[in-house]
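Participant: Contents are mmCIF, C-alpha atoms and all ligand atoms; file name query.cif:
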```cif
data_start
#
loop_
_atom_site.label_atom_id
_atom_site.label_comp_id
_atom_site.auth_asym_id
_atom_site.auth_seq_id
_atom_site.Cartn_x
_atom_site.Cartn_y
_atom_site.Cartn_z
CA MET A 1 0.00 0.00 0.00
CA GLN A 2 1.24 3.43 -0.87
CA THR A 3 1.92 5.68 2.11
CA ILE A 4 0.66 9.20 1.74
CA ARG A 5 2.88 11.67 3.53
CA ILE A 6 1.33 14.90 4.63
CA SER A 7 3.97 17.57 4.91
CA ARG A 8 3.44 20.14 7.64
CA PRO A 9 5.32 23.39 7.49
CA ASN A 10 7.28 24.18 10.62
CA LEU A 11 5.09 25.67 13.30
CA PRO A 12 6.09 29.12 14.54
CA GLN A 13 7.99 29.22 17.81
CA PRO A 14 8.13 31.88 20.55
CA PRO A 15 10.97 34.31 19.80
CA LYS A 16 14.29 34.17 21.64
CA PHE A 17 16.19 37.35 22.43
CA THR A 18 19.82 38.21 22.95
CA SER A 19 19.12 41.73 24.19
CA VAL A 20 16.82 42.81 27.03
CA THR A 21 16.01 45.97 25.08
CA ASP A 22 14.54 43.91 22.24
CA GLU A 23 12.75 41.59 24.64
CA ARG A 24 11.28 44.53 26.58
CA LEU A 25 9.95 46.13 23.40
CA HIS A 26 8.47 42.81 22.29
CA ARG A 27 6.67 42.33 25.61
CA LYS A 28 5.33 45.90 25.50
CA GLN A 29 4.07 45.45 21.94
CA ARG A 30 2.28 42.25 22.88
CA LEU A 31 0.87 43.94 25.98
CA ALA A 32 -0.56 46.89 24.05
CA ALA A 33 -1.98 44.51 21.42
CA ALA A 34 -3.57 42.29 24.08
CA LEU A 35 -5.25 45.33 25.64
CA ARG A 36 -6.64 46.38 22.24
CA LEU A 37 -7.95 42.83 21.75
CA PHE A 38 -9.54 42.84 25.21
CA SER A 39 -11.31 46.04 24.23
CA ARG A 40 -12.47 44.58 20.93
CA ASN A 41 -13.92 41.63 22.86
CA GLY A 42 -15.71 44.00 25.25
CA PHE A 43 -13.65 43.02 28.30
CA ASP A 44 -12.93 46.57 29.43
CA GLN A 45 -15.31 48.28 31.76
CA ASP A 46 -14.67 51.77 33.06
CA ALA A 47 -11.27 51.80 34.72
CA ALA A 48 -11.26 48.12 35.70
CA GLY A 49 -8.87 45.49 34.43
CA GLN A 50 -5.21 45.23 33.57
CA ILE A 51 -2.59 43.10 31.93
CA THR A 52 0.93 43.09 33.35
CA ALA A 53 4.23 41.98 31.83
CA ARG A 54 7.36 41.38 33.87
CA ASP A 55 10.35 43.47 32.79
CA PRO A 56 13.08 41.19 31.36
CA GLU A 57 15.91 43.17 32.98
CA TYR A 58 14.33 44.01 36.34
CA PRO A 59 12.12 40.98 37.06
CA GLU A 60 10.57 42.51 40.18
CA TYR A 61 9.16 45.36 38.04
CA PHE A 62 6.24 45.06 35.64
CA TRP A 63 4.70 46.97 32.73
CA VAL A 64 0.98 47.70 32.91
CA ASN A 65 -1.73 49.84 31.37
CA PRO A 66 -2.10 53.12 33.26
CA GLN A 67 -5.06 53.88 35.46
CA GLY A 68 -8.15 55.31 33.79
CA MET A 69 -7.11 54.83 30.16
CA ARG A 70 -9.37 52.96 27.77
CA PHE A 71 -7.88 49.73 26.45
CA SER A 72 -9.03 50.75 22.98
CA THR A 73 -6.59 53.67 22.79
CA ILE A 74 -3.51 52.14 24.45
CA ARG A 75 -0.18 52.47 22.66
CA VAL A 76 3.19 51.01 23.60
CA SER A 77 4.30 54.49 24.71
CA ASP A 78 1.38 54.72 27.15
CA LEU A 79 2.45 51.69 29.20
CA ILE A 80 3.95 52.39 32.60
CA LEU A 81 6.67 50.55 34.51
CA VAL A 82 5.92 49.90 38.18
CA ASN A 83 8.41 48.72 40.80
CA HIS A 84 7.85 46.29 43.68
CA LYS A 85 6.77 49.16 45.95
CA GLY A 86 4.08 50.34 43.57
CA GLU A 87 6.05 53.38 42.39
CA VAL A 88 5.86 54.37 38.72
CA ILE A 89 9.44 54.16 37.39
CA GLU A 90 8.64 55.03 33.79
CA GLY A 91 5.65 56.89 32.37
CA ASP A 92 3.75 59.87 33.67
CA ARG A 93 0.43 58.27 34.56
CA SER A 94 -0.57 56.45 37.73
CA VAL A 95 -1.05 52.77 38.46
CA ASN A 96 -4.39 51.36 39.55
CA GLU A 97 -4.10 50.44 43.25
CA ALA A 98 -5.99 47.15 42.84
CA ALA A 99 -3.87 46.27 39.82
CA PHE A 100 -0.74 46.63 41.91
CA ALA A 101 -2.20 44.77 44.91
CA ILE A 102 -3.13 41.70 42.84
CA HIS A 103 -0.50 41.59 40.11
CA SER A 104 2.55 42.40 42.25
CA GLN A 105 1.70 39.46 44.49
CA VAL A 106 1.06 37.11 41.57
CA HIS A 107 4.37 38.07 39.95
CA THR A 108 6.16 37.56 43.29
CA ALA A 109 4.53 34.20 44.00
CA ARG A 110 5.08 32.88 40.47
CA PRO A 111 8.62 33.60 39.21
CA ASP A 112 7.84 31.39 36.18
CA VAL A 113 5.08 33.76 35.11
CA VAL A 114 5.83 36.61 32.69
CA ALA A 115 2.34 38.04 32.41
CA ALA A 116 -1.00 38.19 34.21
CA ALA A 117 -4.39 39.33 32.91
CA HIS A 118 -7.48 40.39 34.80
CA ALA A 119 -10.66 42.13 33.69
CA HIS A 120 -14.31 42.45 34.66
CA SER A 121 -15.58 40.74 31.52
CA THR A 122 -19.29 39.95 31.49
CA TYR A 123 -19.31 36.15 31.36
CA GLY A 124 -16.33 35.75 33.66
CA LYS A 125 -17.78 37.89 36.40
CA SER A 126 -21.24 36.34 35.97
CA TRP A 127 -19.76 32.86 36.33
CA SER A 128 -17.64 34.01 39.29
CA ASN A 129 -20.82 34.65 41.26
CA LEU A 130 -21.70 30.95 41.25
CA GLY A 131 -18.65 29.92 43.25
CA ARG A 132 -17.93 26.94 41.00
CA LEU A 133 -15.00 25.76 38.92
CA LEU A 134 -15.57 25.33 35.18
CA ASP A 135 -16.51 21.83 34.04
CA PRO A 136 -14.90 20.01 31.09
CA LEU A 137 -17.86 20.44 28.74
CA THR A 138 -15.94 21.24 25.55
CA GLN A 139 -12.47 20.72 24.14
CA ASP A 140 -11.66 24.37 24.79
CA ALA A 141 -12.81 24.06 28.42
CA CYS A 142 -10.28 21.26 28.90
CA SER A 143 -7.50 23.88 28.84
CA PHE A 144 -8.61 24.63 32.40
CA TYR A 145 -9.30 21.06 33.55
CA GLN A 146 -7.58 20.70 36.94
CA ASP A 147 -5.64 23.83 36.03
CA HIS A 148 -7.70 26.62 37.61
CA THR A 149 -8.85 27.49 41.10
CA LEU A 150 -11.56 29.44 42.88
CA PHE A 151 -10.82 32.35 45.20
CA ASN A 152 -13.98 32.18 47.25
CA ASP A 153 -13.73 35.11 49.63
CA TYR A 154 -14.91 38.47 48.33
CA THR A 155 -14.28 41.25 50.84
CA GLY A 156 -14.46 44.39 48.65
CA VAL A 157 -12.09 46.06 46.20
CA VAL A 158 -8.64 44.51 46.50
CA LEU A 159 -6.50 47.35 47.77
CA LYS A 160 -4.35 45.60 50.35
CA LEU A 161 -1.26 43.61 49.45
CA GLU A 162 -2.39 40.95 51.93
CA GLU A 163 -5.52 40.37 49.85
CA GLY A 164 -3.48 40.15 46.64
CA LYS A 165 -1.20 37.66 48.39
CA ARG A 166 -4.16 35.44 49.31
CA ILE A 167 -5.37 35.51 45.69
CA ALA A 168 -1.85 34.57 44.51
CA GLN A 169 -1.73 31.73 47.06
CA THR A 170 -5.10 30.45 45.83
CA LEU A 171 -3.90 30.63 42.21
CA GLY A 172 -1.06 28.29 43.18
CA ASN A 173 0.62 26.72 40.17
CA ASN A 174 -2.51 26.93 38.01
CA LYS A 175 -2.93 28.97 34.82
CA ALA A 176 -6.10 30.72 36.02
CA ALA A 177 -8.29 31.64 38.95
CA ILE A 178 -11.94 32.54 39.23
CA VAL A 179 -12.09 35.39 41.73
CA ARG A 180 -15.55 35.14 43.26
CA ASN A 181 -17.93 38.06 42.73
CA HIS A 182 -15.19 39.79 40.78
CA GLY A 183 -13.87 38.18 37.57
CA LEU A 184 -11.18 36.05 35.98
CA LEU A 185 -7.40 36.06 36.42
CA THR A 186 -5.03 34.26 34.07
CA VAL A 187 -1.25 33.95 33.90
CA GLY A 188 1.25 32.86 31.27
CA HIS A 189 4.89 32.43 30.41
CA SER A 190 4.40 35.16 27.82
CA VAL A 191 1.94 38.03 27.40
CA ASP A 192 0.52 36.07 24.47
CA GLU A 193 -0.26 33.07 26.65
CA ALA A 194 -1.85 35.01 29.53
CA ALA A 195 -4.02 36.98 27.09
CA TRP A 196 -5.14 33.86 25.20
CA TRP A 197 -6.08 32.00 28.40
CA PHE A 198 -8.20 34.97 29.40
CA ILE A 199 -9.95 35.18 26.03
CA THR A 200 -10.72 31.46 25.89
CA MET A 201 -11.67 31.28 29.59
CA GLU A 202 -14.23 34.06 29.14
CA ARG A 203 -15.74 32.12 26.22
CA THR A 204 -15.67 28.94 28.31
CA CYS A 205 -17.72 30.66 31.02
CA GLN A 206 -20.17 31.78 28.31
CA ALA A 207 -20.38 28.27 26.80
CA GLN A 208 -21.04 26.61 30.16
CA MET A 209 -23.78 29.08 31.03
CA LEU A 210 -25.41 28.52 27.61
CA ALA A 211 -25.18 24.74 27.97
CA GLU A 212 -26.66 24.81 31.49
CA ALA A 213 -29.43 27.17 30.37
CA ALA A 214 -30.34 24.85 27.51
CA GLY A 215 -30.18 21.48 29.24
CA LYS A 216 -28.14 19.17 31.45
CA PRO A 217 -24.55 19.20 30.23
CA GLU A 218 -22.58 15.98 30.09
CA LEU A 219 -18.98 16.14 31.28
CA ILE A 220 -16.05 14.90 29.21
CA LYS A 221 -14.51 11.83 30.88
CA PRO A 222 -11.55 12.66 33.17
CA GLU A 223 -8.99 10.73 31.12
CA CYS A 224 -10.11 12.50 27.92
CA ALA A 225 -10.20 15.90 29.65
CA ASN A 226 -6.68 15.31 30.96
CA LEU A 227 -5.44 14.39 27.51
CA ALA A 228 -7.15 17.38 25.89
CA ARG A 229 -5.53 19.68 28.46
CA THR A 230 -2.10 18.51 27.38
CA GLN A 231 -3.13 19.12 23.75
CA VAL A 232 -4.97 22.46 23.78
CA GLY A 233 -3.90 23.74 27.21
CA SER A 234 -0.10 23.60 26.93
CA ASN A 235 2.10 26.67 27.34
CA TYR A 236 2.95 26.46 23.66
CA MET A 237 -0.67 26.27 22.52
CA GLY A 238 -1.50 29.29 24.68
CA TRP A 239 1.24 31.24 22.89
CA PHE A 240 0.40 29.81 19.47
CA SER A 241 -3.33 30.59 19.69
CA PHE A 242 -2.62 34.27 20.27
CA GLN A 243 -0.45 34.76 17.15
CA PRO A 244 -3.26 35.20 14.58
CA LEU A 245 -4.97 37.69 16.91
CA TYR A 246 -1.75 39.68 17.27
CA GLU A 247 -1.20 39.78 13.53
CA MET A 248 -4.79 40.92 12.96
CA ILE A 249 -4.82 43.72 15.53
CA ALA A 250 -1.31 44.97 14.62
CA ARG A 251 -2.35 45.20 10.98
CA GLN A 252 -5.71 46.81 11.67
CA GLN A 253 -4.56 49.20 14.42
CA PRO A 254 -0.87 49.86 13.75
CA ASP A 255 -0.91 52.93 16.03
CA LEU A 256 -0.85 50.56 19.00
CA LEU A 257 2.86 50.06 18.28
CA GLU A 258 3.68 53.77 18.64
ZN ZN B 301 -10.81 43.66 39.28
#
```
Let's see the structure in the file written out as structure tokens.

Facilitator:
Amino acid sequence: MQTIRISRPNLPQPPKFTSVTDERLHRKQRLAAALRLFSRNGFDQDAAGQITARDPEYPEYFWVNPQGMRFSTIRVSDLILVNHKGEVIEGDRSVNEAAFAIHSQVHTARPDVVAAAHAHSTYGKSWSNLGRLLDPLTQDACSFYQDHTLFNDYTGVVLKLEEGKRIAQTLGNNKAAIVRNHGLLTVGHSVDEAAWWFITMERTCQAQMLAEAAGKPELIKPECANLARTQVGSNYMGWFSFQPLYEMIARQQPDLLE
């Protein structure tokens, strides 16, 4: 029998850098693009929400969108650099207090994490009210199978570092947390990955609510959910899934790179 070989072009790989200057610029470009994409998806609400990216040279510092600026107008030059004390090192705008309280503690607790994303997106915050983890109902949902947690203790706006620390502890080594009565939090080994997990987690919340509204959902078997997590929920797939979105938004809104 004749064997038919299907040739697959090489898949793209995350870039490697020899200079921190280049790596910093890359992270900032991805951060600005992710914020524009969050806006396009309707994840921004008033002044809430932020994405942070660890600085490659000063790992205890992170880049973040400034307080009170719409995600839809963010440019690379608008991003601010914040140190471990919450002081703005670069940029002339201020940092959101809650953003610092949560993200500084996540970055401290997870040295493997480059970026963290949080927003008050509609389906994520609606789901967060229920106090439940997401079920493996779809292939996409399996990205979060046994890889997300629930922070089940809402006490008001997170302004204290202690509260951010408790959220970071609850996150543990997972890629995401549902922060009850508040919204979703995702992390990644690149900005790309953190942003993609957020986008697909928001849709997963939407899909589960639709399924439960329409009938009685059937869960994917644990062994299949575990396998699917290794397939669609890997660090690489998180990065890979973001690439077409980056290319689209950078082409459509090139001013984000300014
Ligand atoms: Zn929030």

Participant: Contacts of His107 of chain A at 12 Å or less, counting only C-alpha atoms, minus same-chain residues fewer than 6 places along, as an NGL selection string?

Facilitator: :A and (51-55 or 59-63 or 83-84 or 99-101 or 113-117 or 164-165 or 167-169 or 171-173 or 186-189)

Participant: Residues of chain A that approach ligand ZN 301 (chain B) to 10 Å or less, counting only C-alpha atoms and all ligand atoms: could you list each one with the shortest pair of atoms and its distance in Å to one decimal, rows by chain and increasing residue number, as CSV?

Facilitator:
```
residue,atom,partner,partner_atom,distance
A:Gln45,CA,B:ZN301,ZN,9.9
A:Ala47,CA,B:ZN301,ZN,9.3
A:Ala48,CA,B:ZN301,ZN,5.7
A:Gly49,CA,B:ZN301,ZN,5.5
A:Gln50,CA,B:ZN301,ZN,8.2
A:Ala98,CA,B:ZN301,ZN,6.9
A:Ala99,CA,B:ZN301,ZN,7.4
A:Ile102,CA,B:ZN301,ZN,8.7
A:His118,CA,B:ZN301,ZN,6.5
A:Ala119,CA,B:ZN301,ZN,5.8
A:His120,CA,B:ZN301,ZN,5.9
A:Ser121,CA,B:ZN301,ZN,9.6
A:Lys125,CA,B:ZN301,ZN,9.5
A:Val157,CA,B:ZN301,ZN,7.4
A:Val158,CA,B:ZN301,ZN,7.6
A:Val179,CA,B:ZN301,ZN,8.7
A:Asn181,CA,B:ZN301,ZN,9.7
A:His182,CA,B:ZN301,ZN,6.0
A:Gly183,CA,B:ZN301,ZN,6.5
A:Leu184,CA,B:ZN301,ZN,8.3
A:Leu185,CA,B:ZN301,ZN,8.8
```

Participant: Could you take the residues named above and write them with C-alpha atoms, as a PDB file, keeping the file's coordinate frame?

Facilitator:
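New file again01.pdb:
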```pdb
ATOM      1  CA  GLN A  45     -15.310  48.280  31.760  1.00  0.00           C
ATOM      2  CA  ALA A  47     -11.270  51.800  34.720  1.00  0.00           C
ATOM      3  CA  ALA A  48     -11.260  48.120  35.700  1.00  0.00           C
ATOM      4  CA  GLY A  49      -8.870  45.490  34.430  1.00  0.00           C
ATOM      5  CA  GLN A  50      -5.210  45.230  33.570  1.00  0.00           C
ATOM      6  CA  ALA A  98      -5.990  47.150  42.840  1.00  0.00           C
ATOM      7  CA  ALA A  99      -3.870  46.270  39.820  1.00  0.00           C
ATOM      8  CA  ILE A 102      -3.130  41.700  42.840  1.00  0.00           C
ATOM      9  CA  HIS A 118      -7.480  40.390  34.800  1.00  0.00           C
ATOM     10  CA  ALA A 119     -10.660  42.130  33.690  1.00  0.00           C
ATOM     11  CA  HIS A 120     -14.310  42.450  34.660  1.00  0.00           C
ATOM     12  CA  SER A 121     -15.580  40.740  31.520  1.00  0.00           C
ATOM     13  CA  LYS A 125     -17.780  37.890  36.400  1.00  0.00           C
ATOM     14  CA  VAL A 157     -12.090  46.060  46.200  1.00  0.00           C
ATOM     15  CA  VAL A 158      -8.640  44.510  46.500  1.00  0.00           C
ATOM     16  CA  VAL A 179     -12.090  35.390  41.730  1.00  0.00           C
ATOM     17  CA  ASN A 181     -17.930  38.060  42.730  1.00  0.00           C
ATOM     18  CA  HIS A 182     -15.190  39.790  40.780  1.00  0.00           C
ATOM     19  CA  GLY A 183     -13.870  38.180  37.570  1.00  0.00           C
ATOM     20  CA  LEU A 184     -11.180  36.050  35.980  1.00  0.00           C
ATOM     21  CA  LEU A 185      -7.400  36.060  36.420  1.00  0.00           C
TER      22      LEU A 185
END
```

Participant: Residues near segment 16-18 of chain A, anyone? I mean within 12 Å using only C-alpha atoms, not counting same-chain ones fewer than 6 positions away, as a list of chain:residue names.

Facilitator: A:Arg24, A:Leu25, A:His26, A:Arg27, A:Pro56, A:Glu57, A:Ser190

Participant: Neighbours of Asn235 of chain A within 8 Å (all atoms listed in the file; same-chain residues fewer than 2 positions away dropped), as a ChimeraX atom specification?

Facilitator: /A:188-189,193,233,237-239

Participant: Give me the residues within 7 Å of segment 28-34 of chain A as a list in words, counting only C-alpha atoms and dropping any in the same chain fewer than 5 places off.

Facilitator: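 These residues fall inside the cut-off: Ile51, Ile74, Arg75, Val76, Val191, Asp192, Ala195, Tyr246, Ile249, Ala250, Leu256 and Leu257 of chain A.
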
Participant: Counting all atoms listed in the file, which of A:Leu79, A:Val95, A:Val106, A:Pro244 gets nearest to Leu161 of chain A?

Facilitator: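 Ranked by minimum distance to Leu161 of chain A, first place goes to A:Val106.
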
Participant: Just give me the gap between atom CA of Gly124 of chain A and atom CA of Ile178 of chain A in Å, one decimal is fine.

Facilitator: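 Atom CA of Gly124 of chain A sits 7.8 Å away from atom CA of Ile178 of chain A.
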
Participant: So which one's closest to Pro254 of chain A, A:Phe151, A:Thr73, A:Arg40, A:Ala214? Using only C-alpha atoms, please.

Facilitator: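 Going through A:Phe151, A:Thr73, A:Arg40, A:Ala214 one by one, the smallest distance to Pro254 of chain A is for A:Thr73.
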
Participant: Between A:Leu81, A:Gln231, A:Gln67, A:Phe198, which has the minimum distance to Ser94 of chain A (counting only C-alpha atoms)?

Facilitator: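 That would be A:Gln67, the residue with the smallest distance to Ser94 of chain A.
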
Participant: Could you give me segment 155-191 of chain A completed to N, CA and C atoms, formatted as a PDB file, in the frame of the given file?

Facilitator:
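out.pdb was written with the following content:
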```pdb
ATOM      1  N   THR A 155     -14.202  40.355  49.678  1.00  0.00           N
ATOM      2  CA  THR A 155     -14.280  41.250  50.840  1.00  0.00           C
ATOM      3  C   THR A 155     -14.315  42.725  50.429  1.00  0.00           C
ATOM      4  N   GLY A 156     -14.484  43.004  49.138  1.00  0.00           N
ATOM      5  CA  GLY A 156     -14.460  44.390  48.650  1.00  0.00           C
ATOM      6  C   GLY A 156     -13.331  44.565  47.652  1.00  0.00           C
ATOM      7  N   VAL A 157     -13.150  45.791  47.191  1.00  0.00           N
ATOM      8  CA  VAL A 157     -12.090  46.060  46.200  1.00  0.00           C
ATOM      9  C   VAL A 157     -10.737  45.678  46.802  1.00  0.00           C
ATOM     10  N   VAL A 158      -9.946  44.987  46.011  1.00  0.00           N
ATOM     11  CA  VAL A 158      -8.640  44.510  46.500  1.00  0.00           C
ATOM     12  C   VAL A 158      -7.651  45.673  46.506  1.00  0.00           C
ATOM     13  N   LEU A 159      -7.427  46.232  47.680  1.00  0.00           N
ATOM     14  CA  LEU A 159      -6.500  47.350  47.770  1.00  0.00           C
ATOM     15  C   LEU A 159      -5.292  46.996  48.638  1.00  0.00           C
ATOM     16  N   LYS A 160      -5.448  45.968  49.447  1.00  0.00           N
ATOM     17  CA  LYS A 160      -4.350  45.600  50.350  1.00  0.00           C
ATOM     18  C   LYS A 160      -3.499  44.492  49.737  1.00  0.00           C
ATOM     19  N   LEU A 161      -2.178  44.617  49.969  1.00  0.00           N
ATOM     20  CA  LEU A 161      -1.260  43.610  49.450  1.00  0.00           C
ATOM     21  C   LEU A 161      -1.587  42.232  50.025  1.00  0.00           C
ATOM     22  N   GLU A 162      -2.054  42.218  51.270  1.00  0.00           N
ATOM     23  CA  GLU A 162      -2.390  40.950  51.930  1.00  0.00           C
ATOM     24  C   GLU A 162      -3.468  40.196  51.153  1.00  0.00           C
ATOM     25  N   GLU A 163      -4.436  40.969  50.627  1.00  0.00           N
ATOM     26  CA  GLU A 163      -5.520  40.370  49.850  1.00  0.00           C
ATOM     27  C   GLU A 163      -4.972  39.827  48.518  1.00  0.00           C
ATOM     28  N   GLY A 164      -4.112  40.608  47.883  1.00  0.00           N
ATOM     29  CA  GLY A 164      -3.480  40.150  46.640  1.00  0.00           C
ATOM     30  C   GLY A 164      -2.668  38.887  46.885  1.00  0.00           C
ATOM     31  N   LYS A 165      -2.008  38.842  48.046  1.00  0.00           N
ATOM     32  CA  LYS A 165      -1.200  37.660  48.390  1.00  0.00           C
ATOM     33  C   LYS A 165      -2.089  36.432  48.536  1.00  0.00           C
ATOM     34  N   ARG A 166      -3.254  36.587  49.134  1.00  0.00           N
ATOM     35  CA  ARG A 166      -4.160  35.440  49.310  1.00  0.00           C
ATOM     36  C   ARG A 166      -4.683  34.953  47.951  1.00  0.00           C
ATOM     37  N   ILE A 167      -4.927  35.902  47.033  1.00  0.00           N
ATOM     38  CA  ILE A 167      -5.370  35.510  45.690  1.00  0.00           C
ATOM     39  C   ILE A 167      -4.237  34.739  44.986  1.00  0.00           C
ATOM     40  N   ALA A 168      -3.009  35.238  45.132  1.00  0.00           N
ATOM     41  CA  ALA A 168      -1.850  34.570  44.510  1.00  0.00           C
ATOM     42  C   ALA A 168      -1.654  33.184  45.100  1.00  0.00           C
ATOM     43  N   GLN A 169      -1.871  33.050  46.421  1.00  0.00           N
ATOM     44  CA  GLN A 169      -1.730  31.730  47.060  1.00  0.00           C
ATOM     45  C   GLN A 169      -2.791  30.762  46.529  1.00  0.00           C
ATOM     46  N   THR A 170      -4.014  31.295  46.347  1.00  0.00           N
ATOM     47  CA  THR A 170      -5.100  30.450  45.830  1.00  0.00           C
ATOM     48  C   THR A 170      -4.813  30.048  44.389  1.00  0.00           C
ATOM     49  N   LEU A 171      -4.268  30.941  43.596  1.00  0.00           N
ATOM     50  CA  LEU A 171      -3.900  30.630  42.210  1.00  0.00           C
ATOM     51  C   LEU A 171      -2.950  29.437  42.170  1.00  0.00           C
ATOM     52  N   GLY A 172      -2.015  29.406  43.129  1.00  0.00           N
ATOM     53  CA  GLY A 172      -1.060  28.290  43.180  1.00  0.00           C
ATOM     54  C   GLY A 172      -0.283  28.174  41.888  1.00  0.00           C
ATOM     55  N   ASN A 173      -0.128  26.953  41.412  1.00  0.00           N
ATOM     56  CA  ASN A 173       0.620  26.720  40.170  1.00  0.00           C
ATOM     57  C   ASN A 173      -0.278  26.627  38.959  1.00  0.00           C
ATOM     58  N   ASN A 174      -1.541  27.037  39.103  1.00  0.00           N
ATOM     59  CA  ASN A 174      -2.510  26.930  38.010  1.00  0.00           C
ATOM     60  C   ASN A 174      -2.351  28.068  37.005  1.00  0.00           C
ATOM     61  N   LYS A 175      -2.995  27.931  35.845  1.00  0.00           N
ATOM     62  CA  LYS A 175      -2.930  28.970  34.820  1.00  0.00           C
ATOM     63  C   LYS A 175      -4.008  30.028  34.988  1.00  0.00           C
ATOM     64  N   ALA A 176      -4.995  29.764  35.889  1.00  0.00           N
ATOM     65  CA  ALA A 176      -6.100  30.720  36.020  1.00  0.00           C
ATOM     66  C   ALA A 176      -6.794  30.583  37.365  1.00  0.00           C
ATOM     67  N   ALA A 177      -7.454  31.664  37.748  1.00  0.00           N
ATOM     68  CA  ALA A 177      -8.290  31.640  38.950  1.00  0.00           C
ATOM     69  C   ALA A 177      -9.595  32.368  38.657  1.00  0.00           C
ATOM     70  N   ILE A 178     -10.662  31.833  39.241  1.00  0.00           N
ATOM     71  CA  ILE A 178     -11.940  32.540  39.230  1.00  0.00           C
ATOM     72  C   ILE A 178     -12.009  33.273  40.563  1.00  0.00           C
ATOM     73  N   VAL A 179     -12.056  34.591  40.500  1.00  0.00           N
ATOM     74  CA  VAL A 179     -12.090  35.390  41.730  1.00  0.00           C
ATOM     75  C   VAL A 179     -13.557  35.708  42.003  1.00  0.00           C
ATOM     76  N   ARG A 180     -14.097  35.119  43.041  1.00  0.00           N
ATOM     77  CA  ARG A 180     -15.550  35.140  43.260  1.00  0.00           C
ATOM     78  C   ARG A 180     -16.093  36.562  43.372  1.00  0.00           C
ATOM     79  N   ASN A 181     -17.231  36.768  42.746  1.00  0.00           N
ATOM     80  CA  ASN A 181     -17.930  38.060  42.730  1.00  0.00           C
ATOM     81  C   ASN A 181     -17.113  39.171  42.072  1.00  0.00           C
ATOM     82  N   HIS A 182     -16.142  38.794  41.278  1.00  0.00           N
ATOM     83  CA  HIS A 182     -15.190  39.790  40.780  1.00  0.00           C
ATOM     84  C   HIS A 182     -14.865  39.551  39.295  1.00  0.00           C
ATOM     85  N   GLY A 183     -14.230  38.429  38.966  1.00  0.00           N
ATOM     86  CA  GLY A 183     -13.870  38.180  37.570  1.00  0.00           C
ATOM     87  C   GLY A 183     -12.812  37.112  37.444  1.00  0.00           C
ATOM     88  N   LEU A 184     -12.173  37.079  36.286  1.00  0.00           N
ATOM     89  CA  LEU A 184     -11.180  36.050  35.980  1.00  0.00           C
ATOM     90  C   LEU A 184      -9.766  36.603  36.082  1.00  0.00           C
ATOM     91  N   LEU A 185      -8.826  35.723  36.367  1.00  0.00           N
ATOM     92  CA  LEU A 185      -7.400  36.060  36.420  1.00  0.00           C
ATOM     93  C   LEU A 185      -6.647  34.934  35.723  1.00  0.00           C
ATOM     94  N   THR A 186      -5.826  35.286  34.755  1.00  0.00           N
ATOM     95  CA  THR A 186      -5.030  34.260  34.070  1.00  0.00           C
ATOM     96  C   THR A 186      -3.558  34.673  34.071  1.00  0.00           C
ATOM     97  N   VAL A 187      -2.682  33.679  33.963  1.00  0.00           N
ATOM     98  CA  VAL A 187      -1.250  33.950  33.900  1.00  0.00           C
ATOM     99  C   VAL A 187      -0.633  33.154  32.761  1.00  0.00           C
ATOM    100  N   GLY A 188       0.577  33.579  32.345  1.00  0.00           N
ATOM    101  CA  GLY A 188       1.250  32.860  31.270  1.00  0.00           C
ATOM    102  C   GLY A 188       2.739  33.113  31.281  1.00  0.00           C
ATOM    103  N   HIS A 189       3.438  32.289  30.519  1.00  0.00           N
ATOM    104  CA  HIS A 189       4.890  32.430  30.410  1.00  0.00           C
ATOM    105  C   HIS A 189       5.272  33.423  29.326  1.00  0.00           C
ATOM    106  N   SER A 190       4.248  34.047  28.766  1.00  0.00           N
ATOM    107  CA  SER A 190       4.400  35.160  27.820  1.00  0.00           C
ATOM    108  C   SER A 190       3.116  35.980  27.942  1.00  0.00           C
ATOM    109  N   VAL A 191       3.162  37.216  27.443  1.00  0.00           N
ATOM    110  CA  VAL A 191       1.940  38.030  27.400  1.00  0.00           C
ATOM    111  C   VAL A 191       0.908  37.317  26.531  1.00  0.00           C
TER     112      VAL A 191
END
```
